[in-house]
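Colleague: Questions regarding the structure given below will be posed in turn.
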Amino acid sequence: MGFAQTIWNGLKSFANKNLFMKKLKILFVILCSGFLANAENPPKREDKLATFFMGRVKYSSNDGRDCGGVGEDLMKLVSRASTIKIQEERQVKLAEALLFEAPFVFMNGHNDFVLTEAELQNLRKYLGHGGFVFGSGCCTNPEFPKAWRREFSRIFAGESVKALSYDHLIYRSFYKIDRVKCLDKPRDIQLEGLFYQGNLVAVMCEDGLCCSFSANNTCNDGKGISPNDGQKLALNIAVFALTH
Amino acid sequence: MRSIIFDFPLVLPIGLALTFVLLGWSIWNFRKRGLSKWRIALLATLRGATLLFLVFLASRPVGVEKQREQKESKNILLLVDKSQSMSLEENEQTRYQRVIDFTRKHLLPGLEEAKFKVQPFLFAEDAGPSDGSKLVAAKADGKRSNLGRAIARALESSPNALAVIALTDGAANEKSENMRALSALLDSRVRFIGIGFGSDTGVKMLSLQQVEAPPIAAPNTRFEITAHLETMNVDDLPAFDLVLLRDGNFLQKKTVAASSGSRFWLENFRVEEKSEGAHNYEIQLLPPNIPGLASAGTTGSAAVRIASERELRVLYVQGALTWDYKFIAMALHGDPTIKLTGLTRTSSKSVFRQNVENAGELLDGFPKTIEGIAPFRVIVLSNLRPTNLSPEQQELLGKFSGELGGGVLMIGGPETFDSSWRDSRLEQLLPVVFSEGGGVQGLDRPFQLELTDEALQHPLFQISDSGSQRQTWNKVPKFHQYGRVDSAKPGAQVWALHQTDDGPKGRRILMASQHYGSGLSAILTVQNFWLWRLAKDSEPQEFDRFWRQLFRYLAESSRQDVAIHVADQELRPDADVRLVLEKEPSPKDVTASKAKFIARVEDAQKKILAEQSVELPTGRPVDFSFHAGKAGLYTVSILNELKQPVATRSIEIRDVNIELQNSARNMENLRQWASLSDGLALRVEDCRDGAELFAQLKPKLEQARQTPRVRVPIGVNGWTFAFLLGSLSLEWGLRKRFGMA
């Protein structure tokens, strides 16, 4: 009995040891796979060496999700045209302090909006300190551009949103753009901007620019700007913001 | 009568013994060879005579004239110092009054008793004969002390004098005629006897020694006017005021806090001018009311030309577009004097140029030739890797900074300050040693720039007009990342450190600079430095001011095309001012090896005192001098062929009271004069009465009456040489004839 018991205990112990090793191996494989997965796809939020930051603005009642992929697409455009390391877009509220860590913010929408006093105050400081706002109406909806002009003209006393003629540097900051034809109307596409102390600090396009460079203009088919022109314009705006 | 003595008398018996041994050995040798007796005698005589004469010379025979009393004169030349340092009051009596008392009570009675005849002289910068009434009536107000000239003048008038007795504090500040005086003392065998007056520590003193200012400053940029102050022998110095005048009008006042003990220190006035022009800044010291406090100087001035650089171009080279460039460009936006040119690599094969001067500029990327890089004064390297700059381009950067005097700034974070730069040519010129491992990455926590004390004092970091600079810099927002470097190089100036991260040699350096050849190099290891300007609570104008000042600082060394150096000399009224002009290798003009300039000297009233054309080969110093007739501010300008100033330097000639600069008694000076003439140096307090004094003086005066024995070496002449040569030649000729040679 004693001998049999000893044999039995030994076998049980061996079995337990095997189980333990097995568990250890599984854990090792999980850890390794996780590590490899991380190595292949490092989380973009940790990429602090990136030089191009972009904030996607949540403003007024807008949650910053109109045309969802537009921010990512703009950053891809920038990275394609240069050696800049990009970071994924961050959602920032106009009234938050986080706004002051994103030197370039993008805001778009379909609808009318009114900026709160806190948002206006923050924007005034943000633009005065060197921040840049790129605005775009979605799908040539006139409500957003109209509101943008009105609200942005409230930021600085004596400064209102103006059309940017084609001799402005922004049309030559990367691509040389002589003119961009509107797809559905007999006119040229016109960027509009707000100046502060002679510096262009905010730019907006009313003709569904974000739809053309991001969604291949599928949501705005036959209207506004062609995807090719849209990509050029968007890149010029980003490079202008980076260099002026 | 002359007698002969031997300096080495022991040589005589030893030499004679050796001579006889050698002669004996020679005779034995000659006999062994079978020479006849008369031949042996002839050879031995010649050889013996030669050896005996050599032994005689080796014992150093000297002919000495017998002592005899020669000087019949009983003249004593008495030199009394009447320079201004003798007017200093100690123990309620000036040094000069003490001299007169001492002469009257102790010195003269003793000398007269011993029948010496005293010839008094008064001296300061010059010397002249005097008498008792003049001595008493004289004022100690001489501008300088020239003891050498006084000795020489006195000996000229009485070369047979027994001794020169000088009553002085020994603080001689003119030494141009010391050699002449020493020769006169030795030639006439006159003893110098110095009696020192005054305290060994000097009097209470507070002086403004010098005023310093940059020769050129840009409008709207802060610069400093610095007063060099010195206090000596004042135990407790109360607070006192310094006043700054600009072109004769009050500008600022500063109260210097109370202090204790002797010290030398600097006090700064911060000045900023809005428009171009030239101004004279004068600092006046208003000494506190302390009894007996003297000042060697209470005013000083400096001239500053306020001028915008005609061309301060900055080349900003980036491995990729960065936000730093945008924000720095914004900082320079309101300053038309600094032009920023951007050169950015946008892909592996394309570059992006901004603000170039012409279509061809920088078309092929970073310059490859000195001509390509020369138009710029500062090069900024941002987010670059060694692969972005070839070794030749790095070498070019070294020449740009080291030889052309350009500034190089490397800015970026971990990707820029990377171990791949180690041992590169670029690393050689930068002020830090790159880290091998780069430290532990990914653990960055928000940190704040911590400026060193030197930085907080430096005009470069003066970015706010109100409040303390430390408080202003503490308001700069926190950053997240930085590049890690190991240490500063010897001679580098560290400006900012990380608050907590330690490297192998102390806290991690975030900003540093160093001189490299004739230029400057600097590093800023903070990633995303632009966060400062964008931050919600920041003041953008402080960021802007920092960058403008940084670029001007980096370009500073190459701002003047011609360097004007003042040669080592004493700057004083009525003297020639010697300058050295040197044309710097100019970033704008690298091909011209020499050029013609006009050197112009103006006084404070802008009156032209001298104008002369000079040819200045690049890098070769050329001497230039002008006469400064009186105290004041002189401006030396170097004009180009279009008569535009390319360099200016103001030189202040101060009528400094040199007499009060070193007011302590200088016994060492008196001892040196005494030892060279076999004389004596005494402190006046060691001469308690006339008898004691005369007991010390008498032996020296008696010695002076004896002329020394005259020593004339014997045998050192041509006859001796001829005798030795003749006897040796004859001996050799005979040996040859006898078949022995």
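By convention here, the chains of the structure tokens are called A, B, ... in the order presented, each chain's residues are numbered starting at 1, and ligands are numbered starting at 1 in the order presented.
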List every residue of chain B that has an atom at most 6 Å from any atom of chain A, giving for each one its closest atom pair and the distance in Å to one decimal, counting only C-alpha atoms, sorted by chain and then by ascending residue number, as a tab-separated table.

Modeller:
residue	atom	partner	partner_atom	distance
B:Ala320	CA	A:Ile84	CA	5.4
B:Thr322	CA	A:Thr51	CA	5.8
B:Trp323	CA	A:Leu242	CA	5.8
B:Lys326	CA	A:Thr243	CA	4.6
B:Thr346	CA	A:Ser82	CA	4.1
B:Ser347	CA	A:Ser82	CA	5.1
B:Arg533	CA	A:His129	CA	5.9
B:Leu534	CA	A:His129	CA	4.8
B:Ala535	CA	A:Phe100	CA	5.3
B:Lys536	CA	A:Phe100	CA	6.0

Colleague: Residues near A:Lys58, anyone? I mean within 10 Å using only C-alpha atoms, not counting same-chain ones fewer than 6 positions away, as a PyMOL selection string.

Modeller: chain A and resi 64-65+91-96+106-108

Colleague: Create the file for the chosen residues now, containing C-alpha atoms and written as a compact mmCIF listing (two decimals), in the first residue's frame.

Modeller:
# COMPACT_ATOMS: atom_id res chain seq x y z
CA GLY A 64 -16.97 66.67 -33.70
CA ARG A 65 -18.09 63.56 -35.57
CA GLN A 91 -11.06 65.36 -30.15
CA VAL A 92 -10.85 68.70 -28.37
CA LYS A 93 -13.49 71.00 -27.06
CA LEU A 94 -13.09 74.65 -27.95
CA ALA A 95 -13.61 75.64 -24.34
CA GLU A 96 -11.01 73.20 -22.96
CA PHE A 106 -10.10 70.99 -37.83
CA MET A 107 -13.78 71.79 -37.53
CA ASN A 108 -16.56 70.89 -39.91

Colleague: So which residues touch stretch 138-145 of chain A within 6 Å, counting only C-alpha atoms, skipping near sequence neighbours fewer than 4 positions away, as a PyMOL selection string?

Modeller: chain A and resi 109-112+206-208+220

Colleague: Between A:Leu115, A:Ile155, A:Pro227, A:Arg56, which one has atoms that come closest to A:Glu88, using only C-alpha atoms?

Modeller: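 The shortest atom-to-atom distance to A:Glu88 comes from A:Arg56.
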
Colleague: Using backbone DSSP assignments, extract all helix (DSSP H, G or I) residues from stretch 534-575 of chain B; output them as a list in words.

Modeller: Leu534, Pro540, Gln541, Glu542, Phe543, Asp544, Arg545, Phe546, Trp547, Arg548, Gln549, Leu550, Phe551, Arg552, Tyr553, Leu554, Ala555, Glu556, Ser557 and Ser558 of chain B

Colleague: Residues near stretch 538-555 of chain B, anyone? I mean within 9 Å using only C-alpha atoms, not counting same-chain ones fewer than 5 positions away, as a PyMOL selection string.

Modeller: (chain A and resi 128-130) or (chain B and resi 218+221-222+312+314+327-328+330-333+335+338+377-378+405-409+459-464+472+475-477+519-522+530+532-533)

Colleague: Create the file for the chosen residues now, containing C-alpha atoms and written as a compact mmCIF listing (two decimals), in the first residue's frame.

Modeller:
# COMPACT_ATOMS: atom_id res chain seq x y z
CA GLY A 128 -3.55 84.94 -30.90
CA HIS A 129 -0.90 82.54 -29.59
CA GLY A 130 -0.35 80.91 -32.96
CA ALA B 218 19.77 96.38 -31.70
CA THR B 221 16.62 94.63 -27.35
CA ARG B 222 17.78 94.82 -23.79
CA LEU B 312 20.80 88.89 -39.96
CA VAL B 314 18.87 82.65 -40.16
CA PHE B 327 6.21 79.48 -34.04
CA ILE B 328 9.77 80.78 -34.36
CA MET B 330 5.93 84.05 -35.81
CA ALA B 331 8.32 85.26 -33.12
CA LEU B 332 10.39 87.02 -35.76
CA HIS B 333 7.38 88.33 -37.60
CA ASP B 335 11.26 92.15 -36.43
CA ILE B 338 15.97 89.11 -38.76
CA ARG B 377 24.65 84.37 -39.72
CA VAL B 378 22.90 81.57 -37.86
CA GLY B 405 31.99 83.43 -36.82
CA GLY B 406 28.50 82.10 -37.51
CA GLY B 407 26.11 80.70 -34.91
CA VAL B 408 24.86 77.11 -34.97
CA LEU B 409 21.85 75.98 -32.97
CA PRO B 459 20.68 89.52 -21.12
CA LEU B 460 19.72 86.66 -23.44
CA PHE B 461 17.21 85.40 -20.90
CA GLN B 462 15.78 88.76 -19.89
CA ILE B 463 12.37 88.33 -21.48
CA SER B 464 10.13 90.39 -19.27
CA THR B 472 8.82 84.82 -15.54
CA LYS B 475 5.58 80.55 -15.80
CA VAL B 476 6.81 78.86 -18.98
CA PRO B 477 4.56 75.80 -19.40
CA GLY B 519 31.53 81.68 -33.59
CA LEU B 520 29.01 80.25 -31.16
CA SER B 521 27.17 76.98 -31.00
CA ALA B 522 24.17 76.06 -28.87
CA TRP B 530 6.46 75.76 -29.49
CA TRP B 532 5.40 77.64 -24.77
CA ARG B 533 3.94 80.15 -27.22

Colleague: I'd like to know which of B:Ala691, B:Ala41, B:Pro214, B:Tyr316 is closest to B:His279, using only C-alpha atoms.

Modeller: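 Checking each candidate against B:His279, we get B:Pro214 as the closest.
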
Colleague: What does the structure give for the distance between atom CA of B:Ala140 and atom CA of B:Met86, in Å to one decimal?

Modeller: 5.8 Å

Colleague: From a DSSP pass on the backbone, collect the residues of stretch 66-239 of chain A flagged as strand (DSSP E) and hand them back as a VMD selection string.

Modeller: chain A and resid 90 to 93 104 to 109 132 to 137 162 to 164 191 to 196 199 to 205

Colleague: With C-alpha atoms retained, write the just-selected residues as a short mmCIF file (atom, residue, chain, number, x, y, z; two decimals), in the first residue's frame.

Modeller:
data_model
loop_
_atom_site.label_atom_id
_atom_site.label_comp_id
_atom_site.auth_asym_id
_atom_site.auth_seq_id
_atom_site.Cartn_x
_atom_site.Cartn_y
_atom_site.Cartn_z
CA ARG A 90 -7.59 64.20 -30.93
CA GLN A 91 -11.06 65.36 -30.15
CA VAL A 92 -10.85 68.70 -28.37
CA LYS A 93 -13.49 71.00 -27.06
CA PHE A 104 -3.82 72.81 -35.78
CA VAL A 105 -7.51 72.06 -35.34
CA PHE A 106 -10.10 70.99 -37.83
CA MET A 107 -13.78 71.79 -37.53
CA ASN A 108 -16.56 70.89 -39.91
CA GLY A 109 -20.31 70.47 -39.85
CA PHE A 132 -4.69 77.54 -36.59
CA VAL A 133 -8.27 76.52 -37.42
CA PHE A 134 -9.21 74.76 -40.63
CA GLY A 135 -12.97 74.80 -41.17
CA SER A 136 -15.01 73.09 -43.82
CA GLY A 137 -18.70 72.94 -44.50
CA LYS A 162 -12.48 87.59 -45.78
CA ALA A 163 -12.16 85.80 -49.09
CA LEU A 164 -8.61 84.76 -49.93
CA LEU A 191 -11.13 79.94 -49.50
CA GLU A 192 -12.04 82.37 -46.78
CA GLY A 193 -9.93 83.35 -43.82
CA LEU A 194 -9.59 85.28 -40.61
CA PHE A 195 -6.51 87.38 -39.95
CA TYR A 196 -4.93 88.42 -36.70
CA ASN A 199 -1.34 86.55 -39.94
CA LEU A 200 -3.88 84.21 -41.46
CA VAL A 201 -5.07 82.20 -38.47
CA ALA A 202 -8.22 80.45 -39.67
CA VAL A 203 -9.34 79.17 -43.08
CA MET A 204 -12.69 77.87 -44.23
CA CYS A 205 -14.06 76.49 -47.49
#

Colleague: What does the distance between atom CA of B:Ile638 and atom CA of B:Phe597 come to in Å, to one decimal place?

Modeller: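 Atom CA of B:Phe597 lies 6.4 Å from atom CA of B:Ile638.
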
Colleague: Might you pull out every residue within 7 Å of B:Pro414, with only C-alpha atoms counted and same-chain residues fewer than 3 positions away left off, and present them as a PyMOL selection string?

Modeller: chain B and resi 417-418+482-484

Colleague: Expressed in Å to a single decimal, how great is the separation between atom CA of A:Ala215 and atom CA of A:Asp73?

Modeller: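 Between atom CA of A:Ala215 and atom CA of A:Asp73 the gap is 8.7 Å.
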